[in-house]
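Shown next: data_31.txt, containing compact mmCIF, C-alpha atoms and all ligand atoms.
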```
# COMPACT_ATOMS: atom_id res chain seq x y z
CA MET A 521 119.42 -78.28 39.01
CA THR A 522 116.84 -78.41 41.77
CA LYS A 523 113.58 -76.51 41.76
CA GLN A 524 113.74 -73.18 43.60
CA ILE A 525 111.42 -72.47 46.49
CA ARG A 526 111.11 -69.41 48.70
CA VAL A 527 111.07 -69.29 52.47
CA GLY A 528 110.09 -65.74 53.33
CA ASN A 529 112.86 -63.60 51.81
CA ALA A 530 115.26 -66.55 51.38
CA ALA A 531 115.58 -68.80 48.33
CA ILE A 532 116.39 -72.50 48.53
CA GLY A 533 117.49 -74.47 45.50
CA GLY A 534 117.58 -73.61 41.82
CA GLY A 535 121.24 -72.61 41.97
CA SER A 536 120.81 -70.07 44.76
CA ARG A 537 123.33 -69.76 47.58
CA VAL A 538 123.26 -72.70 50.00
CA THR A 539 121.42 -71.42 53.07
CA ILE A 540 122.40 -72.15 56.67
CA GLN A 541 119.84 -73.33 59.20
CA SER A 542 119.90 -74.00 62.89
CA MET A 543 117.33 -74.81 65.53
CA THR A 544 116.48 -73.24 68.89
CA ARG A 545 117.04 -75.18 72.11
CA THR A 546 114.85 -73.02 74.33
CA ASP A 547 111.35 -73.86 75.51
CA THR A 548 109.36 -72.26 72.69
CA ARG A 549 106.73 -71.15 75.18
CA ASP A 550 109.36 -68.87 76.70
CA ARG A 551 109.03 -66.33 73.92
CA GLU A 552 111.73 -63.93 75.15
CA ALA A 553 114.37 -66.64 75.58
CA THR A 554 113.45 -68.14 72.22
CA LEU A 555 113.55 -64.81 70.40
CA LYS A 556 116.92 -64.06 72.00
CA GLN A 557 118.32 -67.36 70.72
CA ILE A 558 116.84 -66.81 67.25
CA THR A 559 118.49 -63.37 67.17
CA LEU A 560 121.86 -64.79 68.25
CA LEU A 561 121.65 -67.41 65.52
CA ALA A 562 120.74 -64.79 62.92
CA GLU A 563 123.63 -62.58 64.05
CA ALA A 564 125.97 -65.57 63.71
CA GLY A 565 124.83 -65.97 60.10
CA ALA A 566 121.86 -68.35 60.12
CA ASP A 567 119.56 -67.68 57.18
CA LEU A 568 116.67 -69.64 58.66
CA VAL A 569 115.87 -70.85 62.16
CA ARG A 570 113.70 -73.83 63.06
CA VAL A 571 111.60 -73.79 66.19
CA SER A 572 109.75 -76.71 67.82
CA VAL A 573 106.00 -76.17 67.97
CA TYR A 574 104.63 -78.91 70.16
CA ASP A 575 101.57 -77.50 71.92
CA GLU A 576 99.02 -74.70 71.86
CA GLU A 577 101.18 -72.47 74.05
CA CYS A 578 103.95 -72.67 71.43
CA VAL A 579 101.41 -71.58 68.82
CA GLY A 580 100.55 -68.71 71.17
CA ALA A 581 104.21 -67.60 71.14
CA ALA A 582 104.54 -68.11 67.38
CA ARG A 583 103.04 -64.76 66.32
CA TYR A 584 105.41 -62.83 68.60
CA LEU A 585 108.39 -64.84 67.34
CA ALA A 586 107.45 -64.48 63.66
CA ASP A 587 106.81 -60.74 64.05
CA ASN A 588 110.13 -60.07 65.76
CA SER A 589 112.51 -62.59 64.21
CA PRO A 590 115.20 -61.12 61.93
CA VAL A 591 115.08 -64.28 59.76
CA PRO A 592 112.27 -66.52 58.45
CA LEU A 593 111.18 -69.19 60.92
CA ILE A 594 110.43 -72.85 60.33
CA ALA A 595 107.93 -74.69 62.53
CA ASP A 596 108.94 -78.21 63.51
CA VAL A 597 105.67 -80.06 64.08
CA HIS A 598 104.85 -83.69 64.74
CA PHE A 599 101.56 -85.54 65.15
CA GLN A 600 99.19 -82.56 65.44
CA TYR A 601 98.02 -80.96 62.22
CA LYS A 602 96.34 -78.07 64.07
CA LEU A 603 99.71 -76.93 65.43
CA ALA A 604 101.12 -76.85 61.89
CA ILE A 605 98.19 -74.73 60.73
CA GLY A 606 98.48 -72.49 63.80
CA ALA A 607 102.19 -71.86 63.17
CA LEU A 608 101.55 -70.96 59.54
CA GLU A 609 98.72 -68.62 60.46
CA ALA A 610 101.03 -66.98 63.01
CA GLY A 611 103.55 -66.15 60.28
CA PHE A 612 106.04 -69.03 60.26
CA ALA A 613 107.51 -69.23 56.76
CA LYS A 614 108.03 -72.97 56.42
CA LEU A 615 107.00 -76.27 57.98
CA ARG A 616 108.99 -79.34 58.83
CA ILE A 617 106.58 -82.25 59.14
CA ASN A 618 106.43 -85.94 58.52
CA PRO A 619 103.15 -86.47 56.64
CA GLY A 620 103.14 -90.05 57.91
CA ASN A 621 102.63 -88.93 61.50
CA ILE A 622 100.32 -85.97 60.89
CA GLY A 623 97.30 -88.25 60.65
CA SER A 624 94.65 -88.95 58.01
CA ALA A 625 94.90 -87.85 54.38
CA ASP A 626 92.34 -85.14 55.16
CA LYS A 627 94.55 -83.66 57.86
CA VAL A 628 97.62 -83.69 55.61
CA ARG A 629 95.55 -82.00 52.89
CA MET A 630 94.41 -79.28 55.33
CA VAL A 631 98.04 -78.60 56.27
CA ALA A 632 99.13 -78.55 52.62
CA ASP A 633 96.26 -76.22 51.65
CA CYS A 634 97.13 -73.87 54.49
CA ALA A 635 100.84 -73.88 53.52
CA LYS A 636 99.91 -73.13 49.93
CA ALA A 637 97.63 -70.27 50.99
CA HIS A 638 100.50 -68.76 53.01
CA GLY A 639 103.17 -69.40 50.37
CA ALA A 640 105.07 -71.60 52.80
CA PRO A 641 107.06 -74.66 51.70
CA ILE A 642 107.11 -77.96 53.59
CA ARG A 643 110.18 -80.02 54.41
CA VAL A 644 109.56 -83.75 54.56
CA GLY A 645 111.64 -86.80 55.13
CA VAL A 646 112.53 -89.12 57.92
CA ASN A 647 115.38 -89.65 60.29
CA SER A 648 116.68 -93.16 60.69
CA GLY A 649 115.05 -93.27 64.15
CA SER A 650 111.58 -92.42 62.89
CA LEU A 651 111.31 -94.70 59.87
CA GLU A 652 107.80 -96.08 59.36
CA LYS A 653 107.14 -99.66 60.45
CA ASP A 654 106.25 -100.83 56.94
CA MET A 655 109.57 -99.51 55.62
CA LEU A 656 111.45 -101.21 58.44
CA ALA A 657 109.63 -104.46 57.70
CA LYS A 658 110.40 -104.18 54.00
CA HIS A 659 114.06 -103.21 54.30
CA GLY A 660 114.92 -104.89 57.60
CA SER A 661 116.65 -101.79 59.01
CA PRO A 662 116.86 -98.05 58.28
CA THR A 663 119.01 -98.52 55.19
CA PRO A 664 119.69 -95.64 52.81
CA GLU A 665 117.26 -97.25 50.38
CA ALA A 666 114.56 -97.37 53.07
CA LEU A 667 115.11 -93.72 53.98
CA ALA A 668 115.02 -92.59 50.37
CA GLU A 669 111.87 -94.61 49.68
CA SER A 670 110.19 -93.25 52.80
CA ALA A 671 111.09 -89.67 51.89
CA MET A 672 109.70 -90.09 48.40
CA GLN A 673 106.55 -91.64 49.87
CA SER A 674 106.10 -88.42 51.90
CA VAL A 675 106.71 -86.37 48.77
CA ARG A 676 104.01 -88.31 46.90
CA ILE A 677 101.52 -87.68 49.73
CA LEU A 678 102.02 -83.93 49.33
CA GLU A 679 101.97 -84.13 45.54
CA LYS A 680 98.58 -85.86 45.77
CA CYS A 681 97.44 -82.71 47.61
CA CYS A 682 98.70 -80.70 44.60
CA PHE A 683 101.47 -79.32 46.82
CA ASN A 684 104.92 -78.98 45.25
CA ASP A 685 106.87 -76.47 47.36
CA ILE A 686 108.76 -79.32 48.95
CA VAL A 687 112.20 -79.68 50.51
CA VAL A 688 113.47 -83.20 51.24
CA ALA A 689 115.77 -84.53 53.95
CA VAL A 690 117.00 -88.06 54.70
CA LYS A 691 119.10 -87.88 57.81
CA THR A 692 120.85 -90.63 59.70
CA SER A 693 123.58 -90.48 62.34
CA ARG A 694 125.86 -92.58 60.12
CA VAL A 695 127.99 -90.72 57.61
CA ALA A 696 128.09 -93.30 54.82
CA ASP A 697 124.36 -94.07 55.03
CA THR A 698 123.48 -90.38 54.98
CA ILE A 699 125.58 -89.75 51.88
CA ARG A 700 124.07 -92.76 50.12
CA ALA A 701 120.49 -91.83 51.06
CA TYR A 702 120.86 -88.27 49.76
CA ARG A 703 122.44 -89.50 46.53
CA LEU A 704 119.45 -91.78 45.98
CA VAL A 705 116.96 -88.96 46.54
CA ALA A 706 118.95 -86.53 44.37
CA ALA A 707 118.80 -89.06 41.54
CA THR A 708 115.03 -89.45 41.96
CA CYS A 709 113.61 -85.93 42.18
CA ASP A 710 114.45 -82.27 41.61
CA TYR A 711 113.14 -80.94 44.91
CA PRO A 712 115.73 -78.99 46.90
CA LEU A 713 117.55 -81.02 49.54
CA HIS A 714 118.11 -80.11 53.18
CA LEU A 715 121.40 -81.74 54.17
CA GLY A 716 122.28 -82.83 57.65
CA LEU A 717 123.52 -85.63 59.80
CA THR A 718 121.11 -86.24 62.64
CA GLU A 719 122.35 -86.63 66.20
CA ALA A 720 125.87 -85.98 64.97
CA GLY A 721 127.20 -85.77 68.51
CA LEU A 722 129.22 -83.48 70.70
CA PRO A 723 130.61 -80.40 68.93
CA GLU A 724 134.07 -81.66 67.97
CA GLU A 725 133.09 -85.12 66.71
CA GLY A 726 129.77 -83.89 65.35
CA PHE A 727 131.51 -81.23 63.31
CA VAL A 728 133.92 -83.69 61.73
CA LYS A 729 131.16 -86.19 60.93
CA SER A 730 128.93 -83.46 59.52
CA ALA A 731 131.79 -82.04 57.47
CA VAL A 732 132.44 -85.43 55.87
CA ALA A 733 128.75 -86.12 55.17
CA ILE A 734 127.57 -82.66 54.12
CA GLY A 735 130.86 -81.73 52.45
CA SER A 736 130.94 -84.91 50.34
CA LEU A 737 127.50 -84.10 48.98
CA LEU A 738 128.14 -80.38 48.44
CA VAL A 739 131.26 -80.96 46.37
CA ASP A 740 129.12 -83.11 44.08
CA ASN A 741 126.61 -80.25 43.87
CA ILE A 742 124.03 -82.02 45.99
CA GLY A 743 122.35 -79.95 48.69
CA ASP A 744 120.57 -76.61 48.85
CA THR A 745 120.30 -75.84 52.55
CA ILE A 746 122.28 -77.29 55.46
CA ARG A 747 122.03 -77.76 59.18
CA VAL A 748 124.89 -79.04 61.33
CA SER A 749 123.32 -80.73 64.37
CA LEU A 750 125.57 -80.46 67.41
CA SER A 751 124.70 -81.24 71.01
CA GLY A 752 124.57 -78.11 73.14
CA ASP A 753 124.51 -74.41 72.30
CA PRO A 754 123.16 -73.97 68.74
CA VAL A 755 125.26 -70.93 67.79
CA PRO A 756 128.41 -72.99 67.00
CA GLU A 757 126.29 -74.91 64.48
CA VAL A 758 126.26 -71.81 62.29
CA ASP A 759 130.03 -71.35 62.38
CA ALA A 760 130.45 -75.06 61.64
CA ALA A 761 128.11 -74.76 58.66
CA LYS A 762 130.08 -71.79 57.33
CA LYS A 763 133.34 -73.71 57.63
CA ILE A 764 131.88 -76.65 55.73
CA LEU A 765 130.51 -74.39 52.99
CA ARG A 766 133.85 -72.60 52.70
CA ALA A 767 135.78 -75.88 52.49
CA ALA A 768 133.36 -77.13 49.85
CA GLY A 769 133.88 -73.95 47.83
CA ARG A 770 130.30 -72.79 48.35
CA LEU A 771 130.84 -69.64 50.43
CA HIS A 772 132.38 -66.83 48.48
CA ASP A 773 132.11 -63.78 50.70
CA VAL A 774 134.65 -65.14 53.17
CA PRO A 775 138.27 -65.67 52.05
CA ASP A 776 139.74 -69.15 51.96
CA ILE A 777 142.94 -68.88 54.00
CA ILE A 778 145.53 -71.55 53.40
CA SER A 779 148.66 -71.88 55.49
CA CYS A 780 151.52 -74.33 55.34
CA PRO A 781 152.04 -76.86 58.13
CA THR A 782 155.55 -75.41 58.75
CA CYS A 783 158.76 -77.42 58.72
CA GLY A 784 162.48 -76.98 59.28
CA ARG A 785 162.61 -74.23 56.62
CA THR A 786 160.02 -72.03 58.33
CA THR A 787 161.26 -68.49 58.95
CA ILE A 788 158.10 -66.71 60.12
CA ASP A 789 155.31 -67.21 62.67
CA VAL A 790 152.89 -68.90 60.26
CA VAL A 791 150.20 -69.60 62.85
CA GLY A 792 150.29 -66.08 64.26
CA LEU A 793 150.22 -64.43 60.85
CA ALA A 794 147.48 -66.71 59.47
CA THR A 795 145.37 -66.00 62.56
CA ARG A 796 145.86 -62.26 62.12
CA VAL A 797 145.03 -62.49 58.41
CA ARG A 798 141.79 -64.29 59.26
CA GLU A 799 140.85 -61.51 61.67
CA ALA A 800 141.97 -58.69 59.33
CA VAL A 801 140.14 -60.03 56.26
CA PRO A 802 136.81 -61.44 57.46
CA TYR A 803 135.02 -60.72 54.17
CA CYS A 804 135.84 -60.36 50.50
CA ASN A 805 134.03 -59.02 47.45
CA ALA A 806 134.54 -62.16 45.33
CA PRO A 807 136.18 -65.58 45.79
CA LEU A 808 139.59 -64.97 47.35
CA ARG A 809 142.35 -67.37 48.41
CA ILE A 810 145.05 -66.07 50.72
CA ALA A 811 148.20 -68.06 51.50
CA VAL A 812 150.53 -67.77 54.48
CA MET A 813 153.64 -69.84 53.79
CA GLY A 814 156.63 -70.41 55.99
CA CYS A 815 159.42 -69.96 53.48
CA ILE A 816 160.26 -68.31 50.21
CA VAL A 817 161.83 -71.49 48.81
CA ASN A 818 158.68 -73.51 48.38
CA GLY A 819 156.02 -71.13 49.67
CA PRO A 820 155.03 -69.30 46.50
CA GLY A 821 155.16 -72.52 44.52
CA GLU A 822 152.96 -74.34 47.01
CA ALA A 823 150.59 -71.38 47.09
CA ARG A 824 150.33 -71.21 43.30
CA GLU A 825 146.55 -71.55 43.54
CA ALA A 826 146.25 -68.56 45.89
CA ASP A 827 145.39 -65.01 44.79
CA ILE A 828 147.71 -63.36 47.27
CA GLY A 829 150.10 -64.54 49.94
CA ILE A 830 152.80 -63.91 52.45
CA ALA A 831 155.92 -66.07 52.45
CA GLY A 832 158.76 -66.08 54.92
CA GLY A 833 162.20 -65.08 53.65
CA ARG A 834 165.73 -65.02 55.05
CA ASP A 835 165.42 -61.35 56.04
CA GLY A 836 161.69 -61.01 56.57
CA CYS A 837 158.61 -61.58 54.41
CA ALA A 838 157.69 -61.42 50.77
CA LEU A 839 154.25 -60.51 49.47
CA PHE A 840 153.15 -62.19 46.30
CA MET A 841 150.10 -61.32 44.22
CA LYS A 842 148.98 -63.60 41.41
CA GLY A 843 150.47 -62.43 38.12
CA GLU A 844 152.97 -60.05 39.77
CA PRO A 845 156.58 -60.57 40.91
CA PRO A 846 157.04 -61.02 44.71
CA GLU A 847 157.70 -57.83 46.70
CA ALA A 848 159.81 -57.56 49.84
CA VAL A 849 157.74 -56.42 52.84
CA HIS A 850 159.38 -53.74 54.94
CA GLY A 851 156.68 -53.22 57.56
CA ASP A 852 153.97 -55.39 59.03
CA PRO A 853 153.16 -58.20 56.52
CA VAL A 854 149.46 -58.35 57.42
CA GLU A 855 149.07 -54.60 56.91
CA ALA A 856 150.91 -54.90 53.57
CA LEU A 857 148.57 -57.72 52.49
CA VAL A 858 145.42 -55.82 53.50
CA SER A 859 146.63 -52.68 51.75
CA LYS A 860 147.34 -54.65 48.53
CA LEU A 861 143.90 -56.26 48.64
CA LYS A 862 142.24 -52.84 49.02
CA GLU A 863 144.36 -51.40 46.20
CA LYS A 864 143.19 -54.26 43.93
CA GLY A 865 139.56 -53.84 44.99
CA ARG A 866 139.40 -57.38 46.41
CA ILE A 867 138.14 -56.16 49.78
CA SER A 868 136.30 -53.00 50.81
S1 LIG B 1 156.08 -73.57 52.65
FE1 LIG B 1 158.22 -73.75 53.26
S2 LIG B 1 158.14 -73.69 55.48
FE2 LIG B 1 156.07 -74.15 54.81
S3 LIG B 1 155.97 -76.39 54.83
FE3 LIG B 1 156.50 -75.77 52.75
S4 LIG B 1 158.73 -75.87 52.72
FE4 LIG B 1 158.15 -75.85 54.90
```

Would it be possible to restate this file's structure as structure tokens?
Amino acid sequence: MTKQIRVGNAAIGGGSRVTIQSMTRTDTRDREATLKQITLLAEAGADLVRVSVYDEECVGAARYLADNSPVPLIADVHFQYKLAIGALEAGFAKLRINPGNIGSADKVRMVADCAKAHGAPIRVGVNSGSLEKDMLAKHGSPTPEALAESAMQSVRILEKCCFNDIVVAVKTSRVADTIRAYRLVAATCDYPLHLGLTEAGLPEEGFVKSAVAIGSLLVDNIGDTIRVSLSGDPVPEVDAAKKILRAAGRLHDVPDIISCPTCGRTTIDVVGLATRVREAVPYCNAPLRIAVMGCIVNGPGEAREADIGIAGGRDGCALFMKGEPPEAVHGDPVEALVSKLKEKGRIS
């Protein structure tokens, strides 16, 4: 199990819930636009939001953002150690830096000391596009081994400053390399891992690539916080992250809805009913699997793993609850399903 660190009121690692991150796209100096986007991301379900801090004016906006944000903020800082210190002093709860580009050992130490004084963790690690020259020379290209070695080099720099509240990331835009790099780091240290595929692409392709990369790691219990990087509006990143967590079995307050692909035996509107079930049961009190199956012949059998389900029958629908005999539904099947879930205390 990874070490647990705290980012404001959120926990990362140590068996805690996998947190969802996103990043603002606004000009940070435009504090109102940036706060609005942070708020939208938080309302969508982001636990943490990262904000670029790239000049003194951004530091000037940081206090306002930190004071008004509904979620802890992470400052993304490159090259200038004073900006990192300024963001921490303004109330940002975490830093994302690359110690290799912050400057001399003294400057890195000043940043680490400031983070420690403010109880803020630091995320380190490289993207394939920012790998150090010596690593490129040694490995020939940004291989997974090069990324993992570079990330651990950054970790050692902070450890030399007696700083251990570290989160590690090793992102590439290639799925297989990203998976391999994270596996290498996970085998090397117990710091929590921030999973992501960098520059994943436009929303549709980026989501699929991220799902394969992040999902593959999560199902092997690797990863403590995730960010799905999609070109464009950041809010869909949060929904994408939730879908990946749900598919990987790591999000338990939202039901897992399974529905059959339909075939010649289908007797009900599977798509319409599954869509209505998703809207009618947005949350659950504990892990819950709901099935919507097109026929009574194979439906219940195929949905054996579900807790509750609707299956089409010759004269309507049947409702089946795990451990109970199927019941014929005389009214609206979605209302019958919701009522059964309430009766069993599975939803509020
Ligand atoms: S559950 Fe029934 S309708 Fe749906 S795919 Fe299977 S056999 Fe076809």

- [ ] Kindly provide, as a ChimeraX atom specification, all nucleotide and amino acid residues lying within 8 Å of ligand LIG 1 (chain B), counting all atoms listed in the file.
- [x] /A:779-787,813-820,822,831-832

Open item on the list: I'd like the contact shell of A:Asn588 - 12 Å cut-off, all atoms listed in the file, skipping same-chain residues fewer than 3 positions apart - returned as a list in words.
Closed with: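 In the requested form, the answer reads Arg551, Glu552, Thr554, Leu555, Lys556, Ile558, Thr559, Ala562, Ala581, Ala582, Arg583, Tyr584, Leu585, Val591, Pro592, Leu593, Ala610, Gly611 and Phe612 of chain A.
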
Task: Nearest candidate to A:Glu669 (options A:Cys837, A:Ala657, A:Ala701, A:Ile686; using only C-alpha atoms) - done: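 Of A:Cys837, A:Ala657, A:Ala701, A:Ile686, the one nearest A:Glu669 is A:Ala701, counting only C-alpha atoms.
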
Open item on the list: Can you tell me which residues surround stretch 691-695 of chain A at a distance of at most 10 Å, considering only C-alpha atoms, apart from same-chain residues fewer than 6 positions away, and format the answer as a PyMOL selection string?
Closed with: chain A and resi 645-650+662-664+667-668+701-702+714-721+726+729-734+736+749

Open item on the list: Just the number, please: distance in Å from atom CA of A:Val797 to atom CA of A:Val538, one decimal.
Closed with: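 Between these atoms lies a distance of 25.5 Å.
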
Task: Shell around A:Val705 at 12 Å using all atoms listed in the file, local window under 5 positions removed, as a PyMOL selection string - done: chain A and resi 522+645+664-673+675+687-691+698-700+710-715+737+742-743

- [ ] Using atom CA of A:Gly865 and atom CA of A:Arg537 as the two end points, give the distance in Å to one decimal.
- [x] 22.9 Å
